[in-house]
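Listing of run-v7.cif; format and content: mmCIF, C-alpha atoms.
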```
data_final
loop_
_atom_site.label_atom_id
_atom_site.label_comp_id
_atom_site.auth_asym_id
_atom_site.auth_seq_id
_atom_site.Cartn_x
_atom_site.Cartn_y
_atom_site.Cartn_z
CA MET D 1 37.43 73.12 38.82
CA PRO D 2 36.74 72.43 42.49
CA ALA D 3 33.26 71.86 43.64
CA GLY D 4 31.42 74.71 45.14
CA PRO D 5 28.00 75.85 46.23
CA ASP D 6 26.95 76.40 42.59
CA ARG D 7 28.73 73.36 41.07
CA PRO D 8 27.84 69.71 41.78
CA ASP D 9 30.38 67.25 43.01
CA PRO D 10 31.07 64.97 40.02
CA ASP D 11 30.96 61.95 42.29
CA GLY D 12 28.11 63.19 44.45
CA ASP D 13 24.49 64.11 44.34
CA LEU D 14 22.78 67.15 42.94
CA PRO D 15 22.42 69.94 45.38
CA GLY D 16 19.28 69.81 47.42
CA THR D 17 18.50 66.19 46.41
CA PRO D 18 20.53 63.96 48.63
CA GLY D 19 20.37 60.23 47.72
CA THR D 20 18.89 60.75 44.21
CA HIS D 21 20.42 60.50 40.79
CA ALA D 22 20.03 62.81 37.89
CA PRO D 23 18.46 61.35 34.82
CA GLY D 24 20.94 60.25 32.19
CA ALA D 25 23.78 59.34 34.53
CA GLY D 26 25.81 56.45 33.13
CA SER D 27 25.38 54.25 36.15
CA SER D 28 21.69 55.08 36.55
CA PRO D 29 19.30 52.06 36.69
CA THR D 30 16.84 54.01 34.57
CA GLY D 31 19.34 55.15 32.00
CA GLU D 32 21.85 53.73 29.57
CA GLY D 33 22.77 50.79 31.83
CA VAL D 34 19.23 49.42 31.61
CA ALA D 35 19.25 49.86 27.85
CA ARG D 36 22.53 47.97 27.58
CA ARG D 37 21.23 45.10 29.71
CA ARG D 38 18.02 44.98 27.68
CA ARG D 39 19.97 44.80 24.41
CA ARG D 40 22.22 42.12 25.87
CA TRP D 41 19.19 40.08 27.00
CA LEU D 42 17.53 40.40 23.60
CA ARG D 43 20.76 39.42 21.87
CA TRP D 44 21.18 36.27 23.95
CA THR D 45 17.49 35.43 23.57
CA ALA D 46 17.82 35.73 19.79
CA ILE D 47 20.94 33.57 19.83
CA GLY D 48 19.17 31.00 21.99
CA ALA D 49 16.11 30.98 19.75
CA ALA D 50 18.29 30.65 16.67
CA GLY D 51 20.08 27.76 18.35
CA LEU D 52 16.79 26.03 19.10
CA VAL D 53 15.68 26.51 15.50
CA LEU D 54 18.96 25.06 14.26
CA VAL D 55 18.73 22.11 16.64
CA ALA D 56 15.10 21.48 15.74
CA GLY D 57 15.85 21.93 12.07
CA GLY D 58 18.85 19.66 12.34
CA ALA D 59 16.82 17.02 14.14
CA GLY D 60 14.06 17.34 11.54
CA TRP D 61 16.58 17.07 8.74
CA ALA D 62 18.18 14.05 10.40
CA ILE D 63 14.78 12.34 10.69
CA TYR D 64 13.96 13.19 7.08
CA LYS D 65 17.29 11.82 5.86
CA LYS D 66 16.85 8.65 7.89
CA LEU D 67 13.37 7.96 6.56
CA ASP D 68 14.42 8.93 3.06
CA GLY D 69 17.42 6.61 3.24
CA ASN D 70 15.34 3.68 4.48
CA ILE D 71 13.75 3.10 1.08
CA THR D 72 15.50 0.70 -1.29
CA LYS D 73 15.61 1.92 -4.90
CA ASP D 74 14.90 -0.78 -7.49
CA THR D 75 17.15 0.37 -10.32
CA ASP D 76 17.48 -3.11 -11.86
CA ALA D 77 13.75 -3.37 -12.55
CA ALA D 78 13.69 0.18 -13.93
CA ALA D 79 16.53 -0.62 -16.34
CA GLU D 80 14.88 -3.85 -17.50
CA LEU D 81 11.51 -2.16 -18.06
CA ALA D 82 13.22 0.60 -20.04
CA ARG D 83 14.39 -2.03 -22.55
CA TYR D 84 10.77 -2.93 -23.28
CA GLU D 85 9.27 0.55 -23.22
CA LYS D 86 7.86 0.21 -26.76
CA GLU D 87 5.78 -2.84 -25.84
CA ARG D 88 4.35 -1.38 -22.63
CA PRO D 89 0.78 0.01 -22.53
CA THR D 90 0.11 3.73 -22.71
CA ALA D 91 -1.70 5.41 -19.83
CA LEU D 92 -5.16 6.53 -20.97
CA VAL D 93 -6.20 8.90 -18.15
CA HIS D 94 -3.97 11.70 -16.92
CA GLY D 95 -3.65 11.72 -13.14
CA ALA D 96 -4.81 8.17 -12.51
CA GLN D 97 -2.16 5.96 -10.93
CA ASN D 98 -1.61 2.19 -10.96
CA ILE D 99 0.75 0.74 -8.37
CA LEU D 100 1.72 -2.93 -8.22
CA LEU D 101 2.11 -4.18 -4.65
CA ILE D 102 4.17 -7.36 -4.30
CA GLY D 103 4.59 -9.43 -1.16
CA SER D 104 7.90 -11.26 -1.37
CA ASP D 105 8.51 -14.55 0.46
CA THR D 106 12.27 -14.11 0.37
CA ARG D 107 14.10 -15.45 3.43
CA ALA D 108 16.95 -13.01 2.92
CA GLY D 109 17.11 -9.90 5.08
CA ARG D 110 16.39 -9.06 8.69
CA GLY D 111 14.18 -11.54 10.56
CA ASN D 112 13.03 -13.51 7.49
CA LYS D 113 15.07 -16.71 7.86
CA LYS D 114 12.88 -18.10 10.63
CA TYR D 115 9.99 -18.47 8.19
CA GLY D 116 11.61 -21.38 6.38
CA ARG D 117 14.59 -22.43 4.32
CA ASP D 118 15.62 -20.32 1.38
CA PRO D 119 15.62 -22.55 -1.73
CA GLY D 120 17.54 -19.91 -3.65
CA THR D 121 14.50 -18.54 -5.46
CA GLN D 122 12.04 -15.78 -4.67
CA ARG D 123 8.30 -16.07 -5.06
CA SER D 124 5.34 -13.82 -4.59
CA ASP D 125 2.17 -15.30 -3.14
CA THR D 126 0.58 -11.87 -2.85
CA THR D 127 0.28 -9.47 -5.78
CA ILE D 128 -2.18 -6.57 -5.76
CA LEU D 129 -2.81 -3.99 -8.47
CA LEU D 130 -3.82 -0.75 -6.74
CA HIS D 131 -5.68 1.76 -8.90
CA LEU D 132 -6.02 5.36 -7.68
CA ALA D 133 -8.69 7.33 -9.50
CA ALA D 134 -7.56 10.57 -11.12
CA ASP D 135 -9.87 12.60 -8.87
CA ARG D 136 -8.55 10.69 -5.81
CA LYS D 137 -12.08 9.96 -4.67
CA SER D 138 -11.68 6.19 -4.84
CA ALA D 139 -9.06 3.46 -4.73
CA THR D 140 -9.43 -0.10 -5.99
CA ALA D 141 -7.10 -2.94 -5.00
CA VAL D 142 -7.30 -6.04 -7.20
CA SER D 143 -5.70 -9.29 -6.02
CA ILE D 144 -4.13 -11.42 -8.74
CA PRO D 145 -4.18 -15.13 -7.80
CA ARG D 146 -0.74 -16.66 -7.72
CA ASP D 147 -1.92 -19.81 -9.54
CA VAL D 148 -3.83 -18.16 -12.39
CA MET D 149 -2.58 -19.34 -15.79
CA VAL D 150 -1.31 -16.45 -17.93
CA ASP D 151 1.05 -15.68 -20.80
CA LEU D 152 4.52 -14.97 -19.42
CA PRO D 153 6.93 -12.96 -21.60
CA SER D 154 10.56 -13.89 -22.07
CA CYS D 155 12.28 -12.55 -18.96
CA ARG D 156 15.83 -11.91 -17.85
CA LYS D 157 16.92 -14.17 -14.98
CA PRO D 158 19.31 -13.08 -12.20
CA ASP D 159 22.19 -14.95 -13.87
CA GLY D 160 21.70 -13.00 -17.10
CA SER D 161 20.08 -15.79 -19.09
CA ARG D 162 16.55 -15.50 -20.44
CA THR D 163 13.45 -17.61 -20.05
CA ARG D 164 11.25 -18.52 -22.98
CA ALA D 165 7.83 -16.97 -23.42
CA GLN D 166 5.31 -19.48 -22.09
CA PHE D 167 1.83 -20.10 -20.71
CA ALA D 168 2.27 -20.77 -17.00
CA GLN D 169 1.06 -19.86 -13.53
CA PHE D 170 1.39 -16.22 -12.60
CA ASN D 171 3.81 -16.38 -9.67
CA TRP D 172 6.47 -17.98 -11.85
CA ALA D 173 7.05 -14.50 -13.28
CA TYR D 174 8.50 -13.24 -10.00
CA GLU D 175 10.55 -16.40 -9.56
CA PHE D 176 11.94 -16.16 -13.10
CA GLY D 177 12.64 -12.47 -13.46
CA GLY D 178 11.66 -10.63 -10.28
CA THR D 179 9.72 -7.39 -10.28
CA ALA D 180 10.30 -6.43 -13.92
CA CYS D 181 8.99 -9.77 -15.20
CA THR D 182 5.95 -9.54 -12.92
CA ILE D 183 5.15 -6.01 -14.11
CA ARG D 184 5.46 -7.01 -17.77
CA THR D 185 3.21 -10.02 -17.13
CA VAL D 186 0.55 -7.88 -15.44
CA GLU D 187 0.67 -5.30 -18.22
CA LYS D 188 0.38 -8.02 -20.86
CA MET D 189 -2.60 -9.54 -19.07
CA THR D 190 -4.46 -6.32 -18.23
CA LYS D 191 -3.23 -3.80 -20.82
CA ILE D 192 -2.90 -1.40 -17.86
CA ARG D 193 0.24 0.71 -17.51
CA VAL D 194 1.92 0.08 -14.15
CA ASP D 195 3.19 3.48 -12.99
CA HIS D 196 4.92 2.40 -9.77
CA HIS D 197 5.68 -0.70 -7.78
CA MET D 198 6.38 -1.60 -4.15
CA VAL D 199 7.83 -4.83 -2.78
CA VAL D 200 7.50 -5.69 0.93
CA ASP D 201 8.90 -8.72 2.80
CA PHE D 202 7.77 -10.58 5.93
CA ALA D 203 9.67 -8.41 8.42
CA GLY D 204 8.40 -5.19 6.85
CA PHE D 205 4.80 -6.36 7.03
CA LYS D 206 5.14 -7.22 10.73
CA ASP D 207 6.78 -3.89 11.52
CA MET D 208 3.96 -1.96 9.87
CA VAL D 209 1.33 -3.76 11.96
CA ASP D 210 3.27 -3.28 15.20
CA ALA D 211 3.85 0.39 14.38
CA VAL D 212 0.09 1.05 14.50
CA ASP D 213 -0.25 -0.95 17.75
CA GLY D 214 -1.92 -3.88 16.03
CA VAL D 215 -4.88 -4.26 13.69
CA GLN D 216 -8.35 -5.37 14.68
CA VAL D 217 -10.01 -8.18 12.69
CA CYS D 218 -13.17 -10.22 13.06
CA LEU D 219 -12.65 -13.97 13.48
CA LYS D 220 -15.79 -16.00 12.91
CA ARG D 221 -14.11 -19.08 14.39
CA PRO D 222 -11.20 -19.59 16.79
CA ILE D 223 -7.80 -20.31 15.23
CA ASN D 224 -5.44 -22.97 16.50
CA ASP D 225 -2.77 -23.37 13.85
CA LYS D 226 0.51 -24.90 15.00
CA ALA D 227 2.25 -24.31 11.68
CA ALA D 228 1.39 -20.61 11.73
CA HIS D 229 1.94 -20.35 15.51
CA LEU D 230 -1.56 -18.95 15.90
CA LYS D 231 -3.98 -19.54 18.76
CA ILE D 232 -6.65 -16.86 18.80
CA ALA D 233 -10.22 -16.81 20.09
CA ALA D 234 -13.20 -15.97 17.90
CA GLY D 235 -14.68 -12.45 17.73
CA MET D 236 -13.04 -9.05 17.37
CA GLN D 237 -9.32 -9.48 18.05
CA THR D 238 -6.35 -7.14 17.75
CA LEU D 239 -3.46 -8.91 16.01
CA ASN D 240 0.15 -7.91 16.49
CA GLY D 241 2.69 -8.14 13.68
CA GLU D 242 3.62 -11.79 14.18
CA GLN D 243 -0.01 -12.87 14.49
CA ALA D 244 -1.02 -10.82 11.48
CA LEU D 245 1.68 -12.40 9.32
CA GLY D 246 0.50 -15.88 10.27
CA TYR D 247 -3.11 -14.86 9.68
CA VAL D 248 -2.60 -13.59 6.13
CA ARG D 249 -0.16 -16.39 5.15
CA ALA D 250 -2.03 -19.40 6.54
CA ARG D 251 -3.80 -21.43 3.92
CA LYS D 252 -4.60 -25.05 4.73
CA SER D 253 -5.68 -24.70 8.35
CA ILE D 254 -7.98 -21.66 8.15
CA GLY D 255 -11.21 -21.51 6.21
CA ASN D 256 -11.61 -23.98 3.36
CA GLY D 257 -7.89 -24.26 2.70
CA SER D 258 -8.06 -22.51 -0.66
CA ASP D 259 -6.12 -19.59 -2.03
CA THR D 260 -9.50 -17.92 -2.51
CA ASP D 261 -10.09 -17.89 1.23
CA ARG D 262 -6.57 -16.64 1.90
CA MET D 263 -6.94 -13.72 -0.53
CA ASP D 264 -10.24 -12.81 1.10
CA ARG D 265 -8.49 -12.68 4.48
CA GLN D 266 -5.64 -10.62 3.05
CA GLN D 267 -8.08 -8.12 1.60
CA GLN D 268 -10.06 -7.86 4.82
CA PHE D 269 -6.88 -7.39 6.82
CA LEU D 270 -5.57 -4.69 4.48
CA ALA D 271 -8.94 -2.95 4.73
CA ALA D 272 -8.61 -2.95 8.52
CA LEU D 273 -5.02 -1.67 8.26
CA VAL D 274 -6.11 1.21 6.00
CA ASN D 275 -8.85 2.03 8.49
CA LYS D 276 -6.36 2.10 11.35
CA VAL D 277 -3.79 4.24 9.53
CA GLN D 278 -6.45 6.73 8.43
CA SER D 279 -7.66 7.17 12.00
CA ASN D 280 -6.73 10.39 13.79
CA ASP D 281 -5.08 8.32 16.49
CA VAL D 282 -2.24 7.60 14.06
CA LEU D 283 -2.07 10.46 11.57
CA LEU D 284 -2.39 13.25 14.15
CA ASN D 285 -0.09 11.71 16.73
CA PRO D 286 3.61 12.37 15.93
CA GLY D 287 4.64 9.75 18.47
CA LYS D 288 2.74 7.10 16.50
CA LEU D 289 3.21 8.54 13.03
CA TYR D 290 7.02 8.38 13.10
CA PRO D 291 7.16 4.61 13.85
CA VAL D 292 4.66 4.03 11.04
CA LEU D 293 6.77 6.04 8.60
CA ASP D 294 9.95 4.34 9.80
CA ALA D 295 8.43 0.87 9.42
CA ALA D 296 6.87 1.66 6.06
CA THR D 297 9.98 3.13 4.52
CA SER D 298 12.28 0.44 5.96
CA SER D 299 10.18 -2.34 4.47
CA LEU D 300 9.89 -1.00 0.94
CA THR D 301 11.72 -1.62 -2.31
CA THR D 302 10.26 0.72 -4.93
CA ASP D 303 10.82 2.13 -8.37
CA PRO D 304 13.18 5.14 -8.41
CA ALA D 305 10.34 7.66 -8.67
CA LEU D 306 8.89 6.49 -5.35
CA ALA D 307 12.19 5.79 -3.61
CA SER D 308 12.14 8.99 -1.57
CA LEU D 309 10.08 10.41 1.26
CA ARG D 310 8.91 13.17 -1.07
CA GLY D 311 7.75 10.65 -3.68
CA LEU D 312 5.84 8.60 -1.13
CA TYR D 313 4.34 11.73 0.40
CA GLU D 314 3.01 12.89 -2.96
CA LEU D 315 1.42 9.48 -3.45
CA VAL D 316 -0.10 9.23 0.02
CA ARG D 317 -1.25 12.85 0.14
CA GLY D 318 -3.82 12.19 -2.54
CA MET D 319 -5.11 9.09 -0.75
CA ARG D 320 -5.58 10.38 2.77
CA ASN D 321 -9.00 11.91 2.11
CA ILE D 322 -10.50 8.94 0.26
CA PRO D 323 -13.52 7.72 2.28
CA THR D 324 -13.03 4.19 3.60
CA GLU D 325 -16.16 3.04 1.81
CA GLN D 326 -14.50 4.06 -1.46
CA VAL D 327 -11.36 2.01 -0.76
CA GLN D 328 -12.35 -1.26 -2.44
CA PHE D 329 -10.76 -4.72 -2.46
CA LEU D 330 -11.57 -7.53 -4.87
CA THR D 331 -10.05 -10.47 -6.72
CA VAL D 332 -9.86 -10.69 -10.49
CA PRO D 333 -12.68 -12.99 -11.69
CA ARG D 334 -11.33 -16.53 -12.10
CA ARG D 335 -12.25 -20.17 -11.69
CA SER D 336 -10.50 -23.53 -11.62
CA TYR D 337 -8.41 -24.14 -14.74
CA VAL D 338 -10.15 -26.62 -17.00
CA TYR D 339 -7.02 -28.79 -17.35
CA ASP D 340 -5.85 -28.65 -13.72
CA ALA D 341 -8.15 -28.11 -10.74
CA ASN D 342 -5.19 -26.85 -8.71
CA ARG D 343 -4.67 -23.91 -11.09
CA ASP D 344 -6.92 -20.98 -12.03
CA GLU D 345 -8.02 -19.29 -15.23
CA LEU D 346 -9.58 -15.90 -15.87
CA VAL D 347 -13.33 -15.70 -16.39
CA GLU D 348 -14.31 -13.70 -19.47
CA PRO D 349 -15.78 -11.26 -20.21
CA ALA D 350 -15.79 -10.35 -16.49
CA ALA D 351 -12.00 -10.08 -16.13
CA ASP D 352 -11.63 -8.08 -19.32
CA GLU D 353 -14.38 -5.68 -18.24
CA LEU D 354 -12.69 -5.17 -14.87
CA PHE D 355 -9.35 -4.36 -16.51
CA SER D 356 -11.04 -2.12 -19.07
CA ARG D 357 -12.78 -0.04 -16.41
CA LEU D 358 -9.56 0.40 -14.45
CA ARG D 359 -7.72 1.31 -17.63
CA ARG D 360 -10.31 3.97 -18.45
CA ASP D 361 -10.59 5.09 -14.81
CA GLU D 362 -14.29 4.26 -14.69
CA PRO D 363 -16.18 3.36 -11.50
CA LEU D 364 -17.09 -0.10 -10.29
CA GLN D 365 -18.75 -1.49 -7.19
CA VAL D 366 -18.06 -4.36 -4.83
CA THR D 367 -20.32 -6.47 -2.64
CA ARG D 368 -19.52 -9.02 0.03
CA GLU D 369 -22.43 -11.19 -1.06
CA GLU D 370 -21.79 -14.45 -2.83
CA PRO D 371 -22.97 -14.81 -6.45
CA ALA D 372 -26.56 -15.92 -6.82
CA PRO D 373 -26.69 -19.74 -6.63
CA THR D 374 -27.68 -20.35 -10.22
CA PRO D 375 -26.13 -23.73 -11.14
CA SER D 376 -24.51 -24.09 -14.53
CA SER D 377 -24.82 -27.22 -16.62
CA GLU D 378 -21.28 -28.17 -15.63
CA GLN D 379 -22.07 -27.84 -11.91
CA ALA D 380 -25.27 -29.82 -12.35
CA GLU D 381 -23.24 -32.65 -13.87
CA GLY D 382 -20.92 -32.73 -10.87
CA ARG D 383 -18.04 -30.58 -12.12
CA GLN D 384 -14.71 -30.80 -10.31
CA ASP D 385 -15.73 -28.26 -7.64
CA ASP D 386 -16.02 -31.04 -5.06
CA SER D 387 -13.15 -33.07 -6.41
CA PRO D 388 -10.31 -33.86 -4.00
CA GLY D 389 -7.53 -31.30 -3.99
CA SER D 390 -9.39 -28.57 -5.79
CA GLY D 391 -10.05 -26.46 -2.69
CA GLU D 392 -11.35 -23.67 -4.90
CA GLN D 393 -14.88 -22.41 -5.34
CA ASP D 394 -15.77 -21.34 -8.85
CA GLU D 395 -17.33 -18.18 -7.54
CA TYR D 396 -17.43 -16.57 -10.96
CA ASP D 397 -19.09 -19.40 -12.88
CA ASP D 398 -22.21 -18.13 -14.64
CA TYR D 399 -21.11 -14.63 -13.76
CA GLU D 400 -23.53 -13.02 -16.16
CA ASP D 401 -26.41 -15.37 -15.36
CA SER D 402 -26.05 -14.75 -11.64
CA GLY D 403 -26.73 -11.06 -12.08
CA GLU D 404 -23.66 -10.09 -10.06
CA TYR D 405 -21.76 -8.83 -13.08
CA ASP D 406 -23.21 -6.24 -15.43
CA TYR D 407 -21.21 -4.96 -18.34
CA GLU D 408 -22.01 -1.76 -20.13
CA SER D 409 -23.16 -1.31 -23.71
CA ASP D 410 -20.77 -0.68 -26.58
CA GLU D 411 -22.31 2.72 -27.32
CA LYS D 412 -20.15 5.80 -26.83
CA PRO D 413 -20.63 7.19 -23.31
CA ASP D 414 -20.79 10.77 -24.60
CA ASP D 415 -23.64 9.96 -27.01
CA PRO D 416 -26.62 12.12 -25.86
CA ALA D 417 -28.98 9.29 -26.71
CA ASP D 418 -27.04 6.86 -24.57
CA THR D 419 -28.24 6.06 -21.08
CA PRO D 420 -25.22 5.31 -18.87
CA SER D 421 -25.29 1.79 -17.56
CA PRO D 422 -24.71 1.20 -13.84
CA ALA D 423 -21.18 0.46 -12.69
CA PRO D 424 -20.53 -3.30 -12.74
CA THR D 425 -20.44 -5.12 -9.44
CA PHE D 426 -17.78 -7.57 -8.34
CA ARG D 427 -17.41 -9.67 -5.23
CA GLY D 428 -15.22 -7.86 -2.69
CA ASN D 429 -15.25 -5.60 0.35
CA THR D 430 -14.34 -2.08 1.39
CA ALA D 431 -12.14 -0.61 4.10
CA ALA D 432 -15.32 0.45 5.92
CA GLY D 433 -16.59 -3.10 6.38
CA THR D 434 -14.19 -4.35 9.02
CA THR D 435 -16.49 -5.05 11.99
CA CYS D 436 -18.08 -8.34 13.03
CA GLU D 437 -21.52 -8.75 11.58
#
```

Please lay out the structure from this file as C-alpha cells.
Amino acid sequence: MPAGPDRPDPDGDLPGTPGTHAPGAGSSPTGEGVARRRRRWLRWTAIGAAGLVLVAGGAGWAIYKKLDGNITKDTDAAAELARYEKERPTALVHGAQNILLIGSDTRAGRGNKKYGRDPGTQRSDTTILLHLAADRKSATAVSIPRDVMVDLPSCRKPDGSRTRAQFAQFNWAYEFGGTACTIRTVEKMTKIRVDHHMVVDFAGFKDMVDAVDGVQVCLKRPINDKAAHLKIAAGMQTLNGEQALGYVRARKSIGNGSDTDRMDRQQQFLAALVNKVQSNDVLLNPGKLYPVLDAATSSLTTDPALASLRGLYELVRGMRNIPTEQVQFLTVPRRSYVYDANRDELVEPAADELFSRLRRDEPLQVTREEPAPTPSSEQAEGRQDDSPGSGEQDEYDDYEDSGEYDYESDEKPDDPADTPSPAPTFRGNTAAGTTCE
C-alpha cells in the first residue's frame, strides 16, 4: 500500500519526528542490533577466557608432567627389599616417617665425571636417617658415619652374585648392594623401619643450592683448599653450588681433618639450606620455587611411593610448618674402634637409646656444646686419641659420666606413679642455629 499522510514510509521516519527512529527498529542502535553485538562480544570473551584457561591449564599440566617425570624410580631396591620383608622391622607409631637420605659419589650422570675417576663402584660418604614425628612438630636427622663398624647382611651385587654376611664398615653396604643393602643394614643396626629413601648425586646437590641463590654459612677461619677448589674468607659467606659441594666434601684440609668435623659441617650446611628453603623468599615466590622444584626432582632417585610430585608434596607438606628450632641434626654416638683407630664403633647405651626413642617417636634434644671434659681412665693413660692417623675425637667417651646423655627409667611411661624423665640430650645443632656466634 502506498505511503500516505496516515501511513509511514517504510524506509522513512515517523510522521512529525524527522531524523528519529522508532523503538524496536531492526537497525536501531538501541534495539536488537545492540543486543546482537553484546551477545557476540560476550561469546568471544567467553571463548577467549576459555582459551586462556586451557593454555594456562596446559602449561600447568606440562610443568607438572615435567617435574613429575624428573624423578627416577628405584624399582630394583623395592624388589630386593620385598624379598626380605619378613626380616624387616615393623613400624611402631602410625604417622611417623623415617626416610634414609643417601649422598652418592657416583661419577656417572650429568656433570659428575669432573669430580674424579670412576673406579666402577659406588660409595656413599653421606647417609642420614631423617625421622619425622607423627604430629609433624619436629624432625630429627641422624648422620651415620661411613666408617662405623656394623653387621652387614648378605646382599645382592649388581652382577647377581651375593656377598657374605660380615662385620665391616658401614659404607661397604652401598658399594656391595646399593640402596637396598644400605637400608637393610640401617634397619638391622637401628631396628627402625625405613619407610622411604632418597639418593642424590653431586650435580643434584649443586643444582639445589644454586636454585635457592646460594646458602649462607659461618666460616670461623678462611678456607684455601686447592683440592676442593675453595678459597673463601672467614665470616658469614654465601656459597654457590660448586663451593657448597667442596665445603661439605672436604675432609683433610678443613677443620681437624676428621670425618667427625666433616659431618658437623654437613649438618650445619643442611640446617642453613632448610632455613633458606623455608623462608618466604623461596616458598612464596613462584619464580624461585619452580627452579627449586626442578632441581630437587631432577636430582632424586627414590622409592616408588615417593617417585612422583604428589608423593613428594605429601611428604613436604607436613614438614613446612615445623619450626626451625625443632629441625635437629646430630650424629649417632660413636668413638674410635678399639681395634682400628681409623674406624668407628657405636657407643652404648647411648646409640641404642637414640634409636629406641626414634623408633617410639619420643622426643630428644640436641646441644652444640661439647661433652663435659671428664677424662676416662683410658684417656688418662694416653689412649689413641692423639695417635697419628686417628683424626677422630672420642666425643662420646664417658657419655653417661659427662652428664650430656640421660636415659630414662625402665618404668612404663603411662604408670601414674612414674615421673617422666627429661628427654635425653645429644651433641648436635638445629636449623635455627646458623648464624656466626

When you draw a straight line from atom CA of Ser308 of chain D to atom CA of Val199 of chain D, how long is it in Å?
14.5 Å

Calculate how many Å separate atom CA of Ile71 of chain D from atom CA of Thr301 of chain D, rounding to one decimal.
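A separation of 6.2 Å between them.
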
Which residue of D:Leu67, D:Ile144, D:Ile232, D:Ala134 approaches Gly311 of chain D most closely, using only C-alpha atoms:
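Residue with the minimum atom-to-atom distance to Gly311 of chain D: D:Leu67.
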
What separates atom CA of Met149 of chain D and atom CA of Thr367 of chain D is a distance of 25.6 Å

Selected residue of minimal separation from Val142 of chain D among D:Asp281, D:Glu345, D:Asp264, D:Asp259, counting all atoms listed in the file
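The closest residue to Val142 of chain D is D:Asp264.
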
So, with only C-alpha atoms as the atoms that count, which of D:Gln169, D:Thr185, D:Ser104, D:Gln237 lies closest to Leu81 of chain D?
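Using only C-alpha atoms, the shortest distance to Leu81 of chain D belongs to D:Thr185.
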
Would you write out, as a VMD selection string, every residue that the PyMOL selection byres ((chain D and resi 292) around 9) captures in this file?
chain D and resid 207 to 212 277 282 288 to 291 293 to 297

Find the residue from D:Lys191, D:His197, D:His229, D:Lys137 that sits nearest to Arg88 of chain D; use all atoms listed in the file when measuring.
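Smallest distance to Arg88 of chain D is found for D:Lys191.
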
For the contact check between segment 131-156 of chain D and segment 324-335 of chain D, emit one row per residue of segment 131-156 of chain D within 8 Å, containing the shortest atom pair and the distance in Å rounded to one decimal, counting only C-alpha atoms, chain then rising number order, as CSV.
```
residue,atom,partner,partner_atom,distance
D:Lys137,CA,D:Gln326,CA,7.1
D:Ser138,CA,D:Gln326,CA,4.9
D:Ala139,CA,D:Val327,CA,4.8
D:Thr140,CA,D:Gln328,CA,4.7
D:Ala141,CA,D:Phe329,CA,4.8
D:Val142,CA,D:Leu330,CA,5.1
D:Ser143,CA,D:Thr331,CA,4.6
D:Ile144,CA,D:Val332,CA,6.0
D:Pro145,CA,D:Thr331,CA,7.6
D:Val148,CA,D:Arg334,CA,7.7
```

Expansion of the PyMOL selection byres ((chain D and resi 193) around 10) into residues, as a VMD selection string:
chain D and resid 88 to 92 97 to 99 183 to 184 186 to 188 190 to 192 194 to 196 359

May I have the selected residues written with C-alpha atoms, as an mmCIF file, in the coordinates of the input?
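File written: again-v3.cif
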```
data_model
loop_
_atom_site.group_PDB
_atom_site.id
_atom_site.type_symbol
_atom_site.label_atom_id
_atom_site.label_comp_id
_atom_site.auth_asym_id
_atom_site.auth_seq_id
_atom_site.Cartn_x
_atom_site.Cartn_y
_atom_site.Cartn_z
ATOM 1 C CA ARG D 88 4.350 -1.380 -22.630
ATOM 2 C CA PRO D 89 0.780 0.010 -22.530
ATOM 3 C CA THR D 90 0.110 3.730 -22.710
ATOM 4 C CA ALA D 91 -1.700 5.410 -19.830
ATOM 5 C CA LEU D 92 -5.160 6.530 -20.970
ATOM 6 C CA GLN D 97 -2.160 5.960 -10.930
ATOM 7 C CA ASN D 98 -1.610 2.190 -10.960
ATOM 8 C CA ILE D 99 0.750 0.740 -8.370
ATOM 9 C CA ILE D 183 5.150 -6.010 -14.110
ATOM 10 C CA ARG D 184 5.460 -7.010 -17.770
ATOM 11 C CA VAL D 186 0.550 -7.880 -15.440
ATOM 12 C CA GLU D 187 0.670 -5.300 -18.220
ATOM 13 C CA LYS D 188 0.380 -8.020 -20.860
ATOM 14 C CA THR D 190 -4.460 -6.320 -18.230
ATOM 15 C CA LYS D 191 -3.230 -3.800 -20.820
ATOM 16 C CA ILE D 192 -2.900 -1.400 -17.860
ATOM 17 C CA VAL D 194 1.920 0.080 -14.150
ATOM 18 C CA ASP D 195 3.190 3.480 -12.990
ATOM 19 C CA HIS D 196 4.920 2.400 -9.770
ATOM 20 C CA ARG D 359 -7.720 1.310 -17.630
#
```

Just want the 10 Å neighbourhood of Leu354 of chain D, counted on all atoms listed in the file, with same-chain residues fewer than 4 positions away dropped. Output as a PDB file with C-alpha atoms, in the coordinates of the input.
```
ATOM      1  CA  VAL D 142      -7.300  -6.040  -7.200  1.00  0.00           C
ATOM      2  CA  THR D 190      -4.460  -6.320 -18.230  1.00  0.00           C
ATOM      3  CA  VAL D 332      -9.860 -10.690 -10.490  1.00  0.00           C
ATOM      4  CA  PRO D 333     -12.680 -12.990 -11.690  1.00  0.00           C
ATOM      5  CA  GLU D 348     -14.310 -13.700 -19.470  1.00  0.00           C
ATOM      6  CA  PRO D 349     -15.780 -11.260 -20.210  1.00  0.00           C
ATOM      7  CA  ALA D 350     -15.790 -10.350 -16.490  1.00  0.00           C
ATOM      8  CA  LEU D 358      -9.560   0.400 -14.450  1.00  0.00           C
ATOM      9  CA  ARG D 359      -7.720   1.310 -17.630  1.00  0.00           C
ATOM     10  CA  GLU D 362     -14.290   4.260 -14.690  1.00  0.00           C
ATOM     11  CA  PRO D 363     -16.180   3.360 -11.500  1.00  0.00           C
ATOM     12  CA  LEU D 364     -17.090  -0.100 -10.290  1.00  0.00           C
ATOM     13  CA  TYR D 405     -21.760  -8.830 -13.080  1.00  0.00           C
ATOM     14  CA  TYR D 407     -21.210  -4.960 -18.340  1.00  0.00           C
ATOM     15  CA  PRO D 424     -20.530  -3.300 -12.740  1.00  0.00           C
ATOM     16  CA  THR D 425     -20.440  -5.120  -9.440  1.00  0.00           C
ATOM     17  CA  PHE D 426     -17.780  -7.570  -8.340  1.00  0.00           C
TER      18      PHE D 426
END
```

Excluding Thr75 of chain D and any residue of its chain fewer than 4 positions from it, enumerate the residues within 8 Å of it, using only C-alpha atoms, and give them as a list in words.
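My list of contacting residues is Ala79, Asp303 and Pro304 of chain D.
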
From (-3.6, -10.7, 17.6), in the file's coordinates, out to 10 Å: which residues are reached, counting all atoms listed in the file? Answer as a list in words.
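Those within range, by chain then number, are Gly214, Val215, Gln216, Val217, Leu230, Lys231, Ile232, Ala233, Met236, Gln237, Thr238, Leu239, Asn240, Gly241, Glu242, Gln243, Ala244, Leu245, Gly246 and Tyr247 of chain D.
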